[in-house]
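**Q** Dropping in protein.txt, with compact mmCIF, C-alpha atoms.
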```
# COMPACT_ATOMS: atom_id res chain seq x y z
CA MET A 200 22.10 -2.77 -20.11
CA GLY A 201 22.44 -2.44 -16.37
CA LEU A 202 21.25 1.13 -15.76
CA GLY A 203 21.64 0.73 -12.00
CA ARG A 204 18.68 -1.55 -11.35
CA LYS A 205 19.38 -2.33 -7.72
CA HIS A 206 17.25 -4.80 -5.78
CA VAL A 207 17.85 -4.82 -2.02
CA LEU A 208 16.56 -7.88 -0.14
CA TYR A 209 16.38 -7.00 3.54
CA ASP A 210 15.29 -9.51 6.19
CA LEU A 211 15.22 -8.22 9.75
CA TRP A 212 14.47 -9.85 13.08
CA VAL A 213 13.28 -8.06 16.20
CA ASP A 214 12.91 -9.09 19.84
CA ASP A 215 9.66 -7.16 20.30
CA ALA A 216 7.36 -8.34 17.51
CA SER A 217 4.42 -6.08 18.40
CA LEU A 218 5.29 -3.50 15.71
CA LEU A 219 5.43 -6.23 13.07
CA LYS A 220 1.70 -6.80 13.56
CA GLN A 221 0.61 -3.21 12.91
CA VAL A 222 -0.36 -2.45 9.35
CA ASP A 223 -0.79 1.27 10.13
CA ALA A 224 2.77 1.49 11.45
CA TRP A 225 4.20 -0.16 8.34
CA ARG A 226 2.20 2.07 6.01
CA GLU A 227 3.40 5.18 7.82
CA ILE A 228 7.05 4.07 8.06
CA LEU A 229 7.37 2.97 4.45
CA LEU A 230 5.55 5.95 2.94
CA ALA A 231 7.73 8.36 4.93
CA ALA A 232 10.93 6.45 4.13
CA ALA A 233 10.07 6.26 0.42
CA LYS A 234 9.36 9.99 0.24
CA GLY A 235 12.55 10.79 2.13
CA SER A 236 14.57 8.56 -0.21
CA GLY A 237 13.55 10.65 -3.22
CA ALA A 238 11.18 8.01 -4.63
CA THR A 239 7.98 8.91 -6.50
CA ILE A 240 5.05 6.91 -5.12
CA ILE A 241 2.47 5.92 -7.74
CA ASP A 242 0.24 3.76 -5.57
CA TYR A 243 0.32 1.52 -2.52
CA GLN A 244 -1.57 -1.31 -0.86
CA PHE A 245 -1.31 -2.73 2.64
CA HIS A 246 -3.11 -5.71 4.10
CA GLN A 247 -3.53 -6.92 7.67
CA PHE A 248 -3.70 -10.68 8.02
CA SER A 249 -5.72 -12.38 10.73
CA PRO A 250 -4.71 -13.04 13.47
CA HIS A 251 -1.56 -11.07 12.65
CA GLY A 252 1.05 -10.42 10.00
CA VAL A 253 1.23 -7.60 7.51
CA THR A 254 1.89 -7.44 3.80
CA GLY A 255 2.34 -4.23 1.87
CA PHE A 256 3.49 -2.82 -1.41
CA LEU A 257 4.50 0.58 -2.80
CA LEU A 258 4.46 0.97 -6.58
CA LEU A 259 7.13 3.55 -7.43
CA ALA A 260 8.17 5.37 -10.57
CA GLU A 261 11.55 3.81 -9.65
CA SER A 262 10.08 0.24 -9.26
CA HIS A 263 8.80 -0.96 -5.85
CA ILE A 264 9.08 -1.48 -2.11
CA SER A 265 7.39 -4.46 -0.42
CA VAL A 266 7.12 -5.92 3.06
CA HIS A 267 5.86 -9.18 4.52
CA THR A 268 5.96 -9.87 8.26
CA TRP A 269 5.82 -13.03 10.35
CA PRO A 270 5.40 -11.73 13.92
CA GLU A 271 5.48 -15.27 15.31
CA GLU A 272 9.11 -15.44 14.15
CA GLY A 273 9.92 -11.77 14.82
CA LEU A 274 10.65 -11.48 11.09
CA ALA A 275 10.02 -8.84 8.41
CA ALA A 276 11.16 -9.44 4.81
CA LEU A 277 11.51 -6.26 2.75
CA ASP A 278 12.35 -5.59 -0.88
CA ILE A 279 13.56 -2.28 -2.26
CA PHE A 280 13.83 -2.41 -6.04
CA THR A 281 14.97 0.74 -7.82
CA CYS A 282 16.05 1.77 -11.29
CA GLY A 283 16.35 5.43 -10.36
CA PRO A 284 18.25 7.83 -8.14
CA MET A 285 16.35 7.06 -4.91
CA ASP A 286 18.49 6.49 -1.82
CA THR A 287 17.97 2.90 -0.63
CA ASN A 288 20.38 3.45 2.28
CA PHE A 289 18.06 6.13 3.62
CA ILE A 290 15.22 3.60 3.77
CA ILE A 291 17.38 0.97 5.47
CA ALA A 292 18.53 3.57 8.02
CA ARG A 293 14.93 4.57 8.84
CA LEU A 294 13.96 0.92 9.29
CA ARG A 295 16.94 0.29 11.58
CA GLU A 296 16.05 3.35 13.69
CA ARG A 297 12.45 2.26 14.05
CA PHE A 298 12.82 -1.49 14.54
CA LYS A 299 16.27 -1.80 16.10
CA PRO A 300 16.72 -5.27 14.59
CA CYS A 301 18.62 -7.78 16.68
CA ARG A 302 19.54 -9.65 13.50
CA GLU A 303 19.43 -8.89 9.82
CA ARG A 304 20.30 -10.24 6.42
CA LEU A 305 20.91 -7.73 3.63
CA THR A 306 21.60 -8.72 0.04
CA THR A 307 21.80 -6.53 -3.06
CA VAL A 308 21.11 -8.01 -6.48
CA ASN A 309 21.78 -6.14 -9.73
CA ARG A 310 18.73 -6.91 -11.85
CA GLY A 311 18.54 -7.03 -15.63
CA ILE A 312 22.17 -7.91 -16.16
CA PHE A 313 22.74 -10.88 -18.41
CA ASP A 314 25.46 -13.19 -17.19
CA GLY A 315 25.55 -16.29 -19.27
CA PHE A 316 22.61 -18.52 -20.08
CA ASP A 317 21.25 -17.94 -23.57
CA ASN A 318 18.14 -19.69 -24.90
CA LYS A 319 19.44 -19.17 -28.44
CA ARG A 320 21.54 -22.10 -29.60
CA MET B 277 12.52 -20.57 10.82
CA GLY B 278 12.62 -21.08 7.08
CA LEU B 279 9.10 -22.30 6.39
CA GLY B 280 9.78 -22.43 2.67
CA ARG B 281 9.85 -18.70 1.97
CA LYS B 282 11.01 -18.85 -1.63
CA HIS B 283 11.76 -15.69 -3.59
CA VAL B 284 12.27 -16.22 -7.32
CA LEU B 285 14.01 -13.38 -9.21
CA TYR B 286 13.32 -13.84 -12.91
CA ASP B 287 14.76 -11.50 -15.54
CA LEU B 288 13.79 -12.28 -19.12
CA TRP B 289 14.76 -10.76 -22.46
CA VAL B 290 12.72 -10.93 -25.65
CA ASP B 291 13.47 -10.08 -29.27
CA ASP B 292 9.98 -8.62 -29.88
CA ALA B 293 9.44 -6.06 -27.13
CA SER B 294 5.89 -5.09 -28.16
CA LEU B 295 4.28 -7.30 -25.48
CA LEU B 296 6.44 -5.71 -22.80
CA LYS B 297 4.67 -2.40 -23.40
CA GLN B 298 1.14 -3.67 -22.84
CA VAL B 299 -0.18 -3.31 -19.33
CA ASP B 300 -3.38 -5.21 -20.19
CA ALA B 301 -1.37 -8.19 -21.41
CA TRP B 302 0.70 -8.30 -18.21
CA ARG B 303 -2.38 -8.00 -15.99
CA GLU B 304 -4.06 -10.86 -17.83
CA ILE B 305 -0.97 -13.11 -17.91
CA LEU B 306 -0.02 -12.65 -14.27
CA LEU B 307 -3.55 -12.96 -12.87
CA ALA B 308 -4.08 -16.18 -14.84
CA ALA B 309 -0.67 -17.58 -13.90
CA ALA B 310 -1.16 -16.72 -10.21
CA LYS B 311 -4.58 -18.39 -10.13
CA GLY B 312 -3.23 -21.46 -11.92
CA SER B 313 -0.33 -21.69 -9.47
CA GLY B 314 -2.70 -22.08 -6.53
CA ALA B 315 -2.07 -18.57 -5.16
CA THR B 316 -4.77 -16.53 -3.42
CA ILE B 317 -4.89 -13.00 -4.85
CA ILE B 318 -5.75 -10.30 -2.30
CA ASP B 319 -5.29 -7.27 -4.52
CA TYR B 320 -3.35 -6.04 -7.53
CA GLN B 321 -2.18 -2.86 -9.20
CA PHE B 322 -0.75 -2.26 -12.66
CA HIS B 323 0.60 0.94 -14.13
CA GLN B 324 1.44 1.95 -17.69
CA PHE B 325 4.34 4.33 -17.98
CA SER B 326 4.56 6.92 -20.72
CA PRO B 327 5.79 6.47 -23.40
CA HIS B 328 6.10 2.77 -22.55
CA GLY B 329 7.06 0.35 -19.81
CA VAL B 330 4.83 -1.45 -17.35
CA THR B 331 4.97 -2.00 -13.63
CA GLY B 332 2.61 -4.26 -11.74
CA PHE B 333 2.07 -5.98 -8.45
CA LEU B 334 -0.09 -8.79 -7.08
CA LEU B 335 -0.56 -8.94 -3.31
CA LEU B 336 -1.03 -12.61 -2.42
CA ALA B 337 -1.97 -14.49 0.73
CA GLU B 338 1.34 -16.26 -0.05
CA SER B 339 3.32 -12.95 -0.45
CA HIS B 340 3.62 -11.26 -3.87
CA ILE B 341 4.33 -11.23 -7.59
CA SER B 342 5.76 -8.12 -9.27
CA VAL B 343 6.87 -7.09 -12.74
CA HIS B 344 8.77 -4.14 -14.19
CA THR B 345 9.51 -3.87 -17.91
CA TRP B 346 12.01 -1.87 -19.96
CA PRO B 347 10.83 -2.38 -23.56
CA GLU B 348 13.75 -0.34 -24.89
CA GLU B 349 16.02 -3.11 -23.61
CA GLY B 350 13.62 -5.98 -24.31
CA LEU B 351 13.71 -6.69 -20.56
CA ALA B 352 11.14 -7.73 -17.95
CA ALA B 353 12.17 -8.22 -14.30
CA LEU B 354 9.78 -10.38 -12.28
CA ASP B 355 9.62 -11.40 -8.63
CA ILE B 356 7.66 -14.32 -7.27
CA PHE B 357 7.80 -14.40 -3.48
CA THR B 358 5.91 -17.19 -1.72
CA CYS B 359 5.62 -18.61 1.77
CA GLY B 360 2.91 -21.07 0.79
CA PRO B 361 2.22 -24.07 -1.41
CA MET B 362 1.79 -22.14 -4.69
CA ASP B 363 3.64 -23.55 -7.70
CA THR B 364 6.22 -20.99 -8.84
CA ASN B 365 7.34 -23.29 -11.68
CA PHE B 366 3.85 -23.08 -13.14
CA ILE B 367 4.17 -19.29 -13.35
CA ILE B 368 7.63 -19.47 -14.94
CA ALA B 369 6.33 -21.99 -17.49
CA ARG B 370 3.40 -19.74 -18.44
CA LEU B 371 5.75 -16.75 -18.87
CA ARG B 372 8.11 -18.80 -21.04
CA GLU B 373 5.21 -19.98 -23.23
CA ARG B 374 3.92 -16.45 -23.71
CA PHE B 375 7.15 -14.50 -24.11
CA LYS B 376 9.52 -17.09 -25.54
CA PRO B 377 12.51 -15.34 -23.96
CA CYS B 378 15.74 -15.37 -25.95
CA ARG B 379 17.66 -14.92 -22.72
CA GLU B 380 16.89 -15.24 -19.05
CA ARG B 381 18.36 -15.08 -15.59
CA LEU B 382 16.63 -17.03 -12.84
CA THR B 383 17.72 -16.92 -9.19
CA THR B 384 15.98 -18.33 -6.13
CA VAL B 385 16.63 -16.83 -2.71
CA ASN B 386 15.43 -18.43 0.52
CA ARG B 387 14.12 -15.49 2.55
CA GLY B 388 14.00 -15.22 6.32
CA ILE B 389 16.87 -17.58 6.97
CA PHE B 390 19.51 -16.18 9.25
CA ASP B 391 23.05 -16.97 8.14
CA GLY B 392 25.50 -15.09 10.26
CA PHE B 393 25.48 -11.41 11.03
CA ASP B 394 24.07 -10.61 14.45
CA ASN B 395 23.53 -7.07 15.71
CA LYS B 396 23.80 -8.36 19.29
CA ARG B 397 27.37 -8.26 20.51
```
Can the structure in the file be given as structure tokens, please?
**A**
Amino acid sequence: MGLGRKHVLYDLWVDDASLLKQVDAWREILLAAAKGSGATIIDYQFHQFSPHGVTGFLLLAESHISVHTWPEEGLAALDIFTCGPMDTNFIIARLRERFKPCRERLTTVNRGIFDGFDNKR
Amino acid sequence: MGLGRKHVLYDLWVDDASLLKQVDAWREILLAAAKGSGATIIDYQFHQFSPHGVTGFLLLAESHISVHTWPEEGLAALDIFTCGPMDTNFIIARLRERFKPCRERLTTVNRGIFDGFDNKR
């Protein structure tokens, strides 16, 4: 149990929300960051909402990366879920460089670790 | 801020891991559960790993659903991320009916709510 399944929940806020609206920018940033982190990309999907807002997903051999943006709030909510040796800090660093968040909330959850509740009685 | 962006992290363990290996079963279960929950499915991708293990993703108008399985540990790790009116409890109930987990770990995180750290100084 617990073979290093790390799930990073990363919410970031920016003053200039224009980048949050651009699906092409997100695709490019996340593909490059994933490759640089050592991840193996199996597939990906990105979607531009109307009038704005982006959602995207990278299916990885190591699990996944996802993003959802709410430009009207200057908010992007990212997930980086990995069970392998990929470098999640590399991805966070690339996002910080690109977006220069004015605020952020970063939480790491260890997935697949049992800590109590048991349906067997 | 905080327009009900709910992110459910659901890890479940089963005694009989055979279902965890079947990509077709996961596709069918999650598409049906998402539709029944009131979600709008934009796209989806599922992948069968060799020799076993499944990863899958549903891109929703409301955000996303993902699954990763480790049959060798009897484990499936699911995410249900929604910013809309979809019924996440409906999805959990369908998964419990189908998999009858012997153990589970269920956590809900409210995403996009700022609670302290500010990069502005």
**Q** Identify which of the residues A:Phe256, A:Phe280, A:Tyr243, A:Trp225 lies closest to Asn309 in chain A, counting all atoms listed in the file when measuring atom-to-atom distances.
**A**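 Nearest to Asn309 in chain A: A:Phe280.
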**Q** Please check the contacts: residues of chain A at most 8 Å away from chain B, using only C-alpha atoms, listed as a list in words.
**A**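 That gives Met200, Asp210, Leu211, Asp242, Gln244, Thr254, Gly255, Phe256, Leu258, Ser262, His267, Glu272, Leu274, Ala275, Ala276, Pro300, Cys301, Arg302, Glu303, Arg304, Arg310, Gly311, Phe313, Asp314, Phe316, Asp317, Asn318 and Lys319 of chain A for chain A.
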**Q** CA of Arg370 in chain B and CA of Ala309 in chain B, how far apart in Å?
**A**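 Separating CA of Ala309 in chain B from CA of Arg370 in chain B is a distance of 6.5 Å.
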**Q** At most 12 Å from (-3.3, -3.3, 12.8), file frame, only C-alpha atoms: which residues, as a ChimeraX atom specification?
**A** /A:217-227,245-254
**Q** Measure the distance from CA of Asp291 in chain B to CA of Arg374 in chain B in Å and round it to one decimal.
**A**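 Between CA of Asp291 in chain B and CA of Arg374 in chain B the gap is 12.8 Å.
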**Q** Using only C-alpha atoms, find all polymer residues with an atom at most 10 Å away from the point (15.1, 7.9, -4.9); report them as a ChimeraX atom specification.
**A** /A:233-239,259-261,281-290
**Q** Would you work out the distance separating CA of Ile341 in chain B from CA of Leu371 in chain B, expressed in Å to one decimal?
**A**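 We find that CA of Ile341 in chain B and CA of Leu371 in chain B lie 12.6 Å from each other.
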**Q** Edge lengths and centre, in Å to one decimal, as AutoDock Vina command-line options: that's what I need for the box along x, y and z that holds all listed atoms of range 214-218 of chain A plus 8 Å on each side.
**A**
```
--center_x 8.7 --center_y -6.3 --center_z 18.0 --size_x 24.5 --size_y 21.6 --size_z 20.6
```
**Q** In terms of the shortest atom-to-atom distance over all atoms listed in the file, which of A:Glu296, A:Val213, A:Thr307, A:Ile228 is closest to Ile279 in chain A?
**A**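 Nearest to Ile279 in chain A: A:Thr307.
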**Q** Save all heavy atoms of range 355-369 of chain B from the block above as a PDB file, in the first residue's frame.
**A**
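Result file follows (decode35.pdb):
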```pdb
ATOM      1  N   ASP B 355     -11.839  10.668  -8.683  1.00  0.00           N
ATOM      2  CA  ASP B 355     -12.055  12.088  -8.407  1.00  0.00           C
ATOM      3  C   ASP B 355     -13.354  12.521  -9.064  1.00  0.00           C
ATOM      4  O   ASP B 355     -13.602  12.179 -10.224  1.00  0.00           O
ATOM      5  CB  ASP B 355     -10.915  12.928  -8.995  1.00  0.00           C
ATOM      6  CG  ASP B 355      -9.657  12.801  -8.174  1.00  0.00           C
ATOM      7  OD1 ASP B 355      -9.016  11.748  -8.256  1.00  0.00           O
ATOM      8  OD2 ASP B 355      -9.339  13.751  -7.444  1.00  0.00           O
ATOM      9  N   ILE B 356     -14.134  13.266  -8.320  1.00  0.00           N
ATOM     10  CA  ILE B 356     -15.342  13.877  -8.885  1.00  0.00           C
ATOM     11  C   ILE B 356     -15.270  15.351  -8.532  1.00  0.00           C
ATOM     12  O   ILE B 356     -15.379  15.721  -7.362  1.00  0.00           O
ATOM     13  CB  ILE B 356     -16.622  13.249  -8.297  1.00  0.00           C
ATOM     14  CG1 ILE B 356     -16.562  11.725  -8.399  1.00  0.00           C
ATOM     15  CG2 ILE B 356     -17.867  13.800  -8.997  1.00  0.00           C
ATOM     16  CD1 ILE B 356     -17.606  11.019  -7.532  1.00  0.00           C
ATOM     17  N   PHE B 357     -15.025  16.164  -9.556  1.00  0.00           N
ATOM     18  CA  PHE B 357     -14.798  17.604  -9.359  1.00  0.00           C
ATOM     19  C   PHE B 357     -15.952  18.310 -10.056  1.00  0.00           C
ATOM     20  O   PHE B 357     -16.151  18.151 -11.261  1.00  0.00           O
ATOM     21  CB  PHE B 357     -13.456  17.976  -9.990  1.00  0.00           C
ATOM     22  CG  PHE B 357     -12.968  19.378  -9.737  1.00  0.00           C
ATOM     23  CD1 PHE B 357     -11.604  19.627  -9.611  1.00  0.00           C
ATOM     24  CD2 PHE B 357     -13.823  20.457  -9.650  1.00  0.00           C
ATOM     25  CE1 PHE B 357     -11.114  20.915  -9.389  1.00  0.00           C
ATOM     26  CE2 PHE B 357     -13.353  21.738  -9.427  1.00  0.00           C
ATOM     27  CZ  PHE B 357     -11.993  21.967  -9.300  1.00  0.00           C
ATOM     28  N   THR B 358     -16.721  19.089  -9.316  1.00  0.00           N
ATOM     29  CA  THR B 358     -17.877  19.759  -9.918  1.00  0.00           C
ATOM     30  C   THR B 358     -18.024  21.204  -9.450  1.00  0.00           C
ATOM     31  O   THR B 358     -17.797  21.502  -8.282  1.00  0.00           O
ATOM     32  CB  THR B 358     -19.184  18.998  -9.622  1.00  0.00           C
ATOM     33  OG1 THR B 358     -20.283  19.770 -10.128  1.00  0.00           O
ATOM     34  CG2 THR B 358     -19.391  18.787  -8.134  1.00  0.00           C
ATOM     35  N   CYS B 359     -18.398  22.058 -10.399  1.00  0.00           N
ATOM     36  CA  CYS B 359     -18.735  23.437 -10.049  1.00  0.00           C
ATOM     37  C   CYS B 359     -20.204  23.679 -10.354  1.00  0.00           C
ATOM     38  O   CYS B 359     -20.655  24.815 -10.378  1.00  0.00           O
ATOM     39  CB  CYS B 359     -17.868  24.414 -10.841  1.00  0.00           C
ATOM     40  SG  CYS B 359     -18.121  24.332 -12.608  1.00  0.00           S
ATOM     41  N   GLY B 360     -20.950  22.617 -10.604  1.00  0.00           N
ATOM     42  CA  GLY B 360     -22.341  22.788 -11.015  1.00  0.00           C
ATOM     43  C   GLY B 360     -23.288  21.992 -10.134  1.00  0.00           C
ATOM     44  O   GLY B 360     -22.901  21.491  -9.081  1.00  0.00           O
ATOM     45  N   PRO B 361     -24.524  21.842 -10.593  1.00  0.00           N
ATOM     46  CA  PRO B 361     -25.550  21.211  -9.775  1.00  0.00           C
ATOM     47  C   PRO B 361     -25.559  19.686  -9.829  1.00  0.00           C
ATOM     48  O   PRO B 361     -26.473  19.066  -9.300  1.00  0.00           O
ATOM     49  CB  PRO B 361     -26.843  21.771 -10.377  1.00  0.00           C
ATOM     50  CG  PRO B 361     -26.502  21.992 -11.814  1.00  0.00           C
ATOM     51  CD  PRO B 361     -25.051  22.365 -11.852  1.00  0.00           C
ATOM     52  N   MET B 362     -24.564  19.041 -10.446  1.00  0.00           N
ATOM     53  CA  MET B 362     -24.598  17.581 -10.540  1.00  0.00           C
ATOM     54  C   MET B 362     -24.523  16.940  -9.155  1.00  0.00           C
ATOM     55  O   MET B 362     -23.934  17.478  -8.219  1.00  0.00           O
ATOM     56  CB  MET B 362     -23.467  17.062 -11.432  1.00  0.00           C
ATOM     57  CG  MET B 362     -22.085  17.344 -10.921  1.00  0.00           C
ATOM     58  SD  MET B 362     -20.773  16.808 -12.073  1.00  0.00           S
ATOM     59  CE  MET B 362     -20.473  15.134 -11.516  1.00  0.00           C
ATOM     60  N   ASP B 363     -25.118  15.751  -9.039  1.00  0.00           N
ATOM     61  CA  ASP B 363     -25.281  15.069  -7.760  1.00  0.00           C
ATOM     62  C   ASP B 363     -24.135  14.073  -7.550  1.00  0.00           C
ATOM     63  O   ASP B 363     -24.178  12.947  -8.029  1.00  0.00           O
ATOM     64  CB  ASP B 363     -26.642  14.348  -7.764  1.00  0.00           C
ATOM     65  CG  ASP B 363     -26.927  13.647  -6.457  1.00  0.00           C
ATOM     66  OD1 ASP B 363     -26.080  13.687  -5.543  1.00  0.00           O
ATOM     67  OD2 ASP B 363     -28.021  13.044  -6.358  1.00  0.00           O
ATOM     68  N   THR B 364     -23.119  14.491  -6.825  1.00  0.00           N
ATOM     69  CA  THR B 364     -21.956  13.615  -6.607  1.00  0.00           C
ATOM     70  C   THR B 364     -22.341  12.395  -5.759  1.00  0.00           C
ATOM     71  O   THR B 364     -21.761  11.320  -5.926  1.00  0.00           O
ATOM     72  CB  THR B 364     -20.793  14.367  -5.924  1.00  0.00           C
ATOM     73  OG1 THR B 364     -21.232  14.888  -4.674  1.00  0.00           O
ATOM     74  CG2 THR B 364     -20.300  15.515  -6.791  1.00  0.00           C
ATOM     75  N   ASN B 365     -23.317  12.544  -4.868  1.00  0.00           N
ATOM     76  CA  ASN B 365     -23.740  11.400  -4.055  1.00  0.00           C
ATOM     77  C   ASN B 365     -24.342  10.288  -4.909  1.00  0.00           C
ATOM     78  O   ASN B 365     -24.220   9.112  -4.576  1.00  0.00           O
ATOM     79  CB  ASN B 365     -24.767  11.837  -2.998  1.00  0.00           C
ATOM     80  CG  ASN B 365     -24.117  12.676  -1.915  1.00  0.00           C
ATOM     81  OD1 ASN B 365     -22.926  12.523  -1.634  1.00  0.00           O
ATOM     82  ND2 ASN B 365     -24.886  13.566  -1.326  1.00  0.00           N
ATOM     83  N   PHE B 366     -24.989  10.671  -5.994  1.00  0.00           N
ATOM     84  CA  PHE B 366     -25.547   9.677  -6.909  1.00  0.00           C
ATOM     85  C   PHE B 366     -24.419   8.817  -7.487  1.00  0.00           C
ATOM     86  O   PHE B 366     -24.539   7.588  -7.583  1.00  0.00           O
ATOM     87  CB  PHE B 366     -26.312  10.387  -8.038  1.00  0.00           C
ATOM     88  CG  PHE B 366     -26.885   9.445  -9.062  1.00  0.00           C
ATOM     89  CD1 PHE B 366     -28.132   8.872  -8.890  1.00  0.00           C
ATOM     90  CD2 PHE B 366     -26.162   9.125 -10.210  1.00  0.00           C
ATOM     91  CE1 PHE B 366     -28.649   7.990  -9.825  1.00  0.00           C
ATOM     92  CE2 PHE B 366     -26.670   8.246 -11.157  1.00  0.00           C
ATOM     93  CZ  PHE B 366     -27.918   7.678 -10.968  1.00  0.00           C
ATOM     94  N   ILE B 367     -23.336   9.455  -7.858  1.00  0.00           N
ATOM     95  CA  ILE B 367     -22.199   8.721  -8.443  1.00  0.00           C
ATOM     96  C   ILE B 367     -21.572   7.785  -7.401  1.00  0.00           C
ATOM     97  O   ILE B 367     -21.307   6.610  -7.686  1.00  0.00           O
ATOM     98  CB  ILE B 367     -21.160   9.720  -8.997  1.00  0.00           C
ATOM     99  CG1 ILE B 367     -21.815  10.548 -10.114  1.00  0.00           C
ATOM    100  CG2 ILE B 367     -19.917   8.984  -9.505  1.00  0.00           C
ATOM    101  CD1 ILE B 367     -20.961  11.698 -10.615  1.00  0.00           C
ATOM    102  N   ILE B 368     -21.375   8.287  -6.208  1.00  0.00           N
ATOM    103  CA  ILE B 368     -20.807   7.455  -5.128  1.00  0.00           C
ATOM    104  C   ILE B 368     -21.720   6.250  -4.875  1.00  0.00           C
ATOM    105  O   ILE B 368     -21.247   5.112  -4.726  1.00  0.00           O
ATOM    106  CB  ILE B 368     -20.654   8.275  -3.827  1.00  0.00           C
ATOM    107  CG1 ILE B 368     -19.730   9.482  -4.030  1.00  0.00           C
ATOM    108  CG2 ILE B 368     -20.161   7.386  -2.682  1.00  0.00           C
ATOM    109  CD1 ILE B 368     -18.297   9.164  -4.272  1.00  0.00           C
ATOM    110  N   ALA B 369     -23.018   6.487  -4.850  1.00  0.00           N
ATOM    111  CA  ALA B 369     -23.974   5.393  -4.587  1.00  0.00           C
ATOM    112  C   ALA B 369     -23.902   4.323  -5.667  1.00  0.00           C
ATOM    113  O   ALA B 369     -23.927   3.118  -5.380  1.00  0.00           O
ATOM    114  CB  ALA B 369     -25.393   5.957  -4.471  1.00  0.00           C
TER     115      ALA B 369
END
```
